[in-house]
file structure-v5.csv (CSV, C-alpha atoms)
chain,number,residue,atom,x,y,z
A,1,MET,CA,200.7,-2.5,95.2
A,2,TRP,CA,198.1,-0.7,93.0
A,3,SER,CA,197.2,-2.7,90.0
A,4,GLY,CA,195.1,-0.1,88.3
A,5,ARG,CA,191.8,-2.0,89.0
A,6,PRO,CA,189.8,-2.8,92.1
A,7,ALA,CA,190.7,-6.1,93.9
A,8,GLY,CA,188.9,-9.1,92.6
A,9,ILE,CA,188.2,-7.7,89.1
A,10,SER,CA,190.0,-9.6,86.3
A,11,PRO,CA,191.1,-7.8,83.2
A,12,ARG,CA,189.3,-8.4,79.9
A,13,PRO,CA,191.5,-9.4,76.9
A,14,VAL,CA,190.9,-7.3,73.8
A,15,TYR,CA,192.3,-8.7,70.6
A,16,ILE,CA,192.8,-6.5,67.6
A,17,GLY,CA,193.3,-8.1,64.2
A,18,ALA,CA,194.9,-11.0,66.1
A,19,LEU,CA,195.7,-14.7,65.7
A,20,ALA,CA,194.7,-15.9,69.3
A,21,PRO,CA,196.1,-19.5,69.1
A,22,ASP,CA,194.7,-22.1,71.5
A,23,ALA,CA,196.8,-24.1,74.0
A,24,GLY,CA,199.6,-26.0,72.2
A,25,GLU,CA,198.7,-24.4,68.9
A,26,THR,CA,201.4,-22.2,67.2
A,27,PRO,CA,200.6,-19.1,65.2
A,28,GLN,CA,201.9,-20.9,62.1
A,29,ASP,CA,199.4,-23.8,62.7
A,30,LEU,CA,196.6,-21.3,62.9
A,31,ILE,CA,197.7,-19.3,59.8
A,32,GLY,CA,198.1,-22.5,57.9
A,33,LYS,CA,194.3,-23.3,58.2
A,34,PHE,CA,193.5,-20.3,55.9
A,35,ASP,CA,194.8,-18.8,52.7
A,36,ALA,CA,198.2,-17.2,53.3
A,37,PRO,CA,197.8,-13.5,53.7
A,38,PRO,CA,199.5,-11.3,51.0
A,39,LEU,CA,201.9,-9.8,53.5
A,40,PHE,CA,203.6,-13.2,54.0
A,41,SER,CA,205.1,-13.1,50.5
A,42,ARG,CA,206.7,-9.7,51.4
A,43,LEU,CA,208.5,-10.6,54.5
A,44,ASP,CA,212.3,-10.7,54.8
A,45,ASN,CA,214.2,-12.8,57.3
A,46,GLU,CA,217.5,-11.2,58.4
A,47,GLU,CA,219.6,-12.7,61.2
A,48,GLY,CA,216.5,-14.5,62.6
A,49,ARG,CA,214.3,-11.5,62.6
A,50,ILE,CA,211.2,-11.0,60.4
A,51,TRP,CA,211.0,-7.6,58.6
A,52,ILE,CA,208.3,-6.2,56.3
A,53,SER,CA,209.9,-5.4,53.0
A,54,ARG,CA,209.5,-1.9,51.7
A,55,ASP,CA,207.1,-3.0,49.0
A,56,GLY,CA,205.1,-4.9,51.6
A,57,ILE,CA,204.2,-2.1,53.9
A,58,SER,CA,200.9,-1.4,52.1
A,59,ASP,CA,199.9,-5.0,53.0
A,60,PHE,CA,200.3,-4.0,56.6
A,61,VAL,CA,199.0,-0.5,56.8
A,62,GLY,CA,197.5,0.1,53.4
A,63,ASP,CA,194.7,2.4,54.7
A,64,LEU,CA,197.2,5.0,55.9
A,65,PRO,CA,198.5,7.8,53.6
A,66,GLU,CA,201.8,6.9,51.9
A,67,ALA,CA,203.9,9.2,54.0
A,68,GLU,CA,202.6,7.5,57.2
A,69,GLN,CA,203.2,4.1,55.6
A,70,ARG,CA,206.8,5.0,55.1
A,71,VAL,CA,207.1,6.0,58.8
A,72,VAL,CA,205.6,2.7,59.9
A,73,TRP,CA,208.0,0.8,57.6
A,74,ALA,CA,211.1,2.8,58.9
A,75,THR,CA,210.1,2.3,62.6
A,76,GLN,CA,208.8,-1.3,62.5
A,77,GLY,CA,209.7,-3.8,65.2
A,78,ALA,CA,211.1,-7.1,63.9
A,79,PRO,CA,210.0,-10.1,65.9
A,80,ARG,CA,212.2,-13.2,66.1
A,81,GLU,CA,211.2,-15.8,63.6
A,82,GLU,CA,210.6,-18.3,66.4
A,83,VAL,CA,207.5,-16.4,67.4
A,84,LEU,CA,205.6,-18.2,64.6
A,85,GLY,CA,206.4,-21.6,66.2
A,86,SER,CA,205.8,-20.7,69.8
A,87,THR,CA,202.9,-22.0,71.9
A,88,VAL,CA,201.1,-20.9,75.1
A,89,ASP,CA,199.8,-23.3,77.8
A,90,ASP,CA,196.7,-21.4,78.9
A,91,PRO,CA,195.5,-18.6,76.6
A,92,ALA,CA,193.6,-15.9,78.5
A,93,TRP,CA,190.5,-16.2,76.3
A,94,ARG,CA,189.9,-19.7,77.7
A,95,SER,CA,189.1,-18.3,81.1
A,96,LYS,CA,188.2,-14.7,80.6
A,97,PRO,CA,185.5,-12.8,78.7
A,98,SER,CA,187.2,-11.4,75.6
A,99,TRP,CA,186.6,-8.8,72.9
A,100,PHE,CA,187.8,-8.9,69.3
A,101,LEU,CA,188.2,-6.2,66.7
A,102,ILE,CA,188.1,-7.9,63.3
A,103,THR,CA,189.9,-5.9,60.6
A,104,THR,CA,188.1,-6.6,57.4
A,105,GLN,CA,190.7,-5.2,55.0
A,106,ASP,CA,193.6,-6.9,56.7
A,107,ARG,CA,196.3,-8.4,54.4
A,108,ALA,CA,198.5,-9.5,57.3
A,109,VAL,CA,196.0,-11.7,59.3
A,110,ASP,CA,193.2,-13.1,57.1
A,111,PRO,CA,189.8,-11.6,58.2
A,112,GLU,CA,188.3,-15.2,58.0
A,113,LEU,CA,191.0,-16.4,60.4
A,114,GLN,CA,190.1,-13.5,62.8
A,115,ARG,CA,186.4,-14.4,62.5
A,116,PHE,CA,187.2,-18.1,63.3
A,117,ALA,CA,189.3,-17.0,66.3
A,118,ALA,CA,186.7,-14.7,67.7
A,119,GLN,CA,183.9,-17.3,67.3
A,120,ARG,CA,186.1,-20.0,68.8
A,121,MET,CA,186.8,-17.9,71.9
A,122,GLY,CA,183.2,-16.7,72.2
A,123,ALA,CA,184.4,-13.1,72.0
A,124,THR,CA,182.3,-10.1,71.7
A,125,SER,CA,183.4,-9.0,68.2
A,126,VAL,CA,183.1,-5.9,66.1
A,127,GLU,CA,184.2,-5.6,62.5
A,128,VAL,CA,185.9,-2.5,61.2
A,129,ALA,CA,187.0,-1.6,57.6
A,130,SER,CA,190.7,-1.4,58.4
A,131,ALA,CA,194.1,-2.8,57.5
A,132,HIS,CA,196.1,-4.6,60.2
A,133,VAL,CA,196.8,-1.6,62.4
A,134,PRO,CA,193.5,0.1,63.2
A,135,MET,CA,195.2,1.8,66.2
A,136,LEU,CA,196.7,4.1,63.6
A,137,SER,CA,193.9,4.3,61.0
A,138,ARG,CA,190.7,3.8,63.0
A,139,PRO,CA,191.7,4.7,66.6
A,140,GLU,CA,188.0,5.6,67.5
A,141,ALA,CA,187.0,2.0,66.7
A,142,VAL,CA,189.8,0.6,68.9
A,143,LEU,CA,188.9,2.9,71.8
A,144,ASP,CA,185.2,2.1,71.5
A,145,LEU,CA,185.9,-1.6,71.8
A,146,ILE,CA,188.3,-1.1,74.8
A,147,ARG,CA,185.7,1.1,76.5
A,148,ASN,CA,183.0,-1.5,76.0
A,149,ALA,CA,185.3,-4.2,77.5
A,150,ALA,CA,186.1,-1.9,80.4
A,151,ALA,CA,182.5,-1.1,81.0
A,152,SER,CA,181.8,-4.8,81.5
A,153,LEU,CA,183.9,-5.0,84.6
call {"tool": "encode", "arguments": {"input": "structure-v5.csv", "output": "structure tokens"}}
result
Amino acid sequence: MWSGRPAGISPRPVYIGALAPDAGETPQDLIGKFDAPPLFSRLDNEEGRIWISRDGISDFVGDLPEAEQRVVWATQGAPREEVLGSTVDDPAWRSKPSWFLITTQDRAVDPELQRFAAQRMGATSVEVASAHVPMLSRPEAVLDLIRNAAASL
């Protein structure tokens, strides 16, 4: 079966504005080590799912034009609330070289938390002036980081 990469080459994790908890650590544990991001006061919980309220979307994608923010709000995915209390046994960054894009205008995941996570994992990190979703607002920065990670294979 073709895996999309040559045999014996392991993928390189790329984290983008991420939490990156350690083994046995929950996302909520990690978030609690830093100031609560503004987005957290603008979340709704409906039937066990977490939604961004209409007035909170600018805390998520504030660097997009208002019309695009409305599209993101209308099409958002809603994770189950349990995700904040879940753990992993063996995070990929413990055994693989990793890359991290730190989003310095992020109001969903504190940029200081991102810097902590990137440093803890020994990731090659790059900072970009972006809100939480640079894939939409700064796609060239995301592509550059992915290309650099791929070039290291």
call {"tool": "closest_residue", "arguments": {"input": "structure-v5.csv", "among": "A:Lys96, A:Gly48, A:Ser137, A:Ala129", "to": "Val83 in chain A", "atoms": "all atoms listed in the file"}}
result
A:Gly48
call {"tool": "residues_around", "arguments": {"input": "structure-v5.csv", "residues": "Ser58 in chain A", "least_positions_apart": "4", "cutoff": "9 Å", "atoms": "all atoms listed in the file", "output": "JSON, numbers by chain"}}
result
{"A": [39, 54, 62, 63, 64, 66, 69, 107, 131]}
call {"tool": "closest_residue", "arguments": {"input": "structure-v5.csv", "among": "A:Pro97, A:Gly32, A:Pro37, A:Pro21", "to": "Ser152 in chain A", "atoms": "all atoms listed in the file"}}
result
A:Pro97
call {"tool": "residues_around", "arguments": {"input": "structure-v5.csv", "residues": "Met121 in chain A", "least_positions_apart": "6", "cutoff": "10 Å", "atoms": "only C-alpha atoms", "output": "compact mmCIF listing (two decimals) with C-alpha atoms, keeping the file's coordinate frame"}}
result
# COMPACT_ATOMS: atom_id res chain seq x y z
CA ALA A 20 194.70 -15.90 69.30
CA PRO A 21 196.10 -19.50 69.10
CA ASP A 22 194.70 -22.10 71.50
CA PRO A 91 195.50 -18.60 76.60
CA ALA A 92 193.60 -15.90 78.50
CA TRP A 93 190.50 -16.20 76.30
CA ARG A 94 189.90 -19.70 77.70
CA SER A 95 189.10 -18.30 81.10
CA LYS A 96 188.20 -14.70 80.60
CA PRO A 97 185.50 -12.80 78.70
CA SER A 98 187.20 -11.40 75.60
CA TRP A 99 186.60 -8.80 72.90
CA PHE A 100 187.80 -8.90 69.30
call {"tool": "closest_residue", "arguments": {"input": "structure-v5.csv", "among": "A:Leu43, A:Lys33, A:Ala78, A:Gly17", "to": "Ser130 in chain A", "atoms": "only C-alpha atoms"}}
result
A:Gly17
call {"tool": "atom_distance", "arguments": {"input": "structure-v5.csv", "atom1": "CA of Glu112 in chain A", "atom2": "CA of Ile31 in chain A"}}
result
10.4 Å
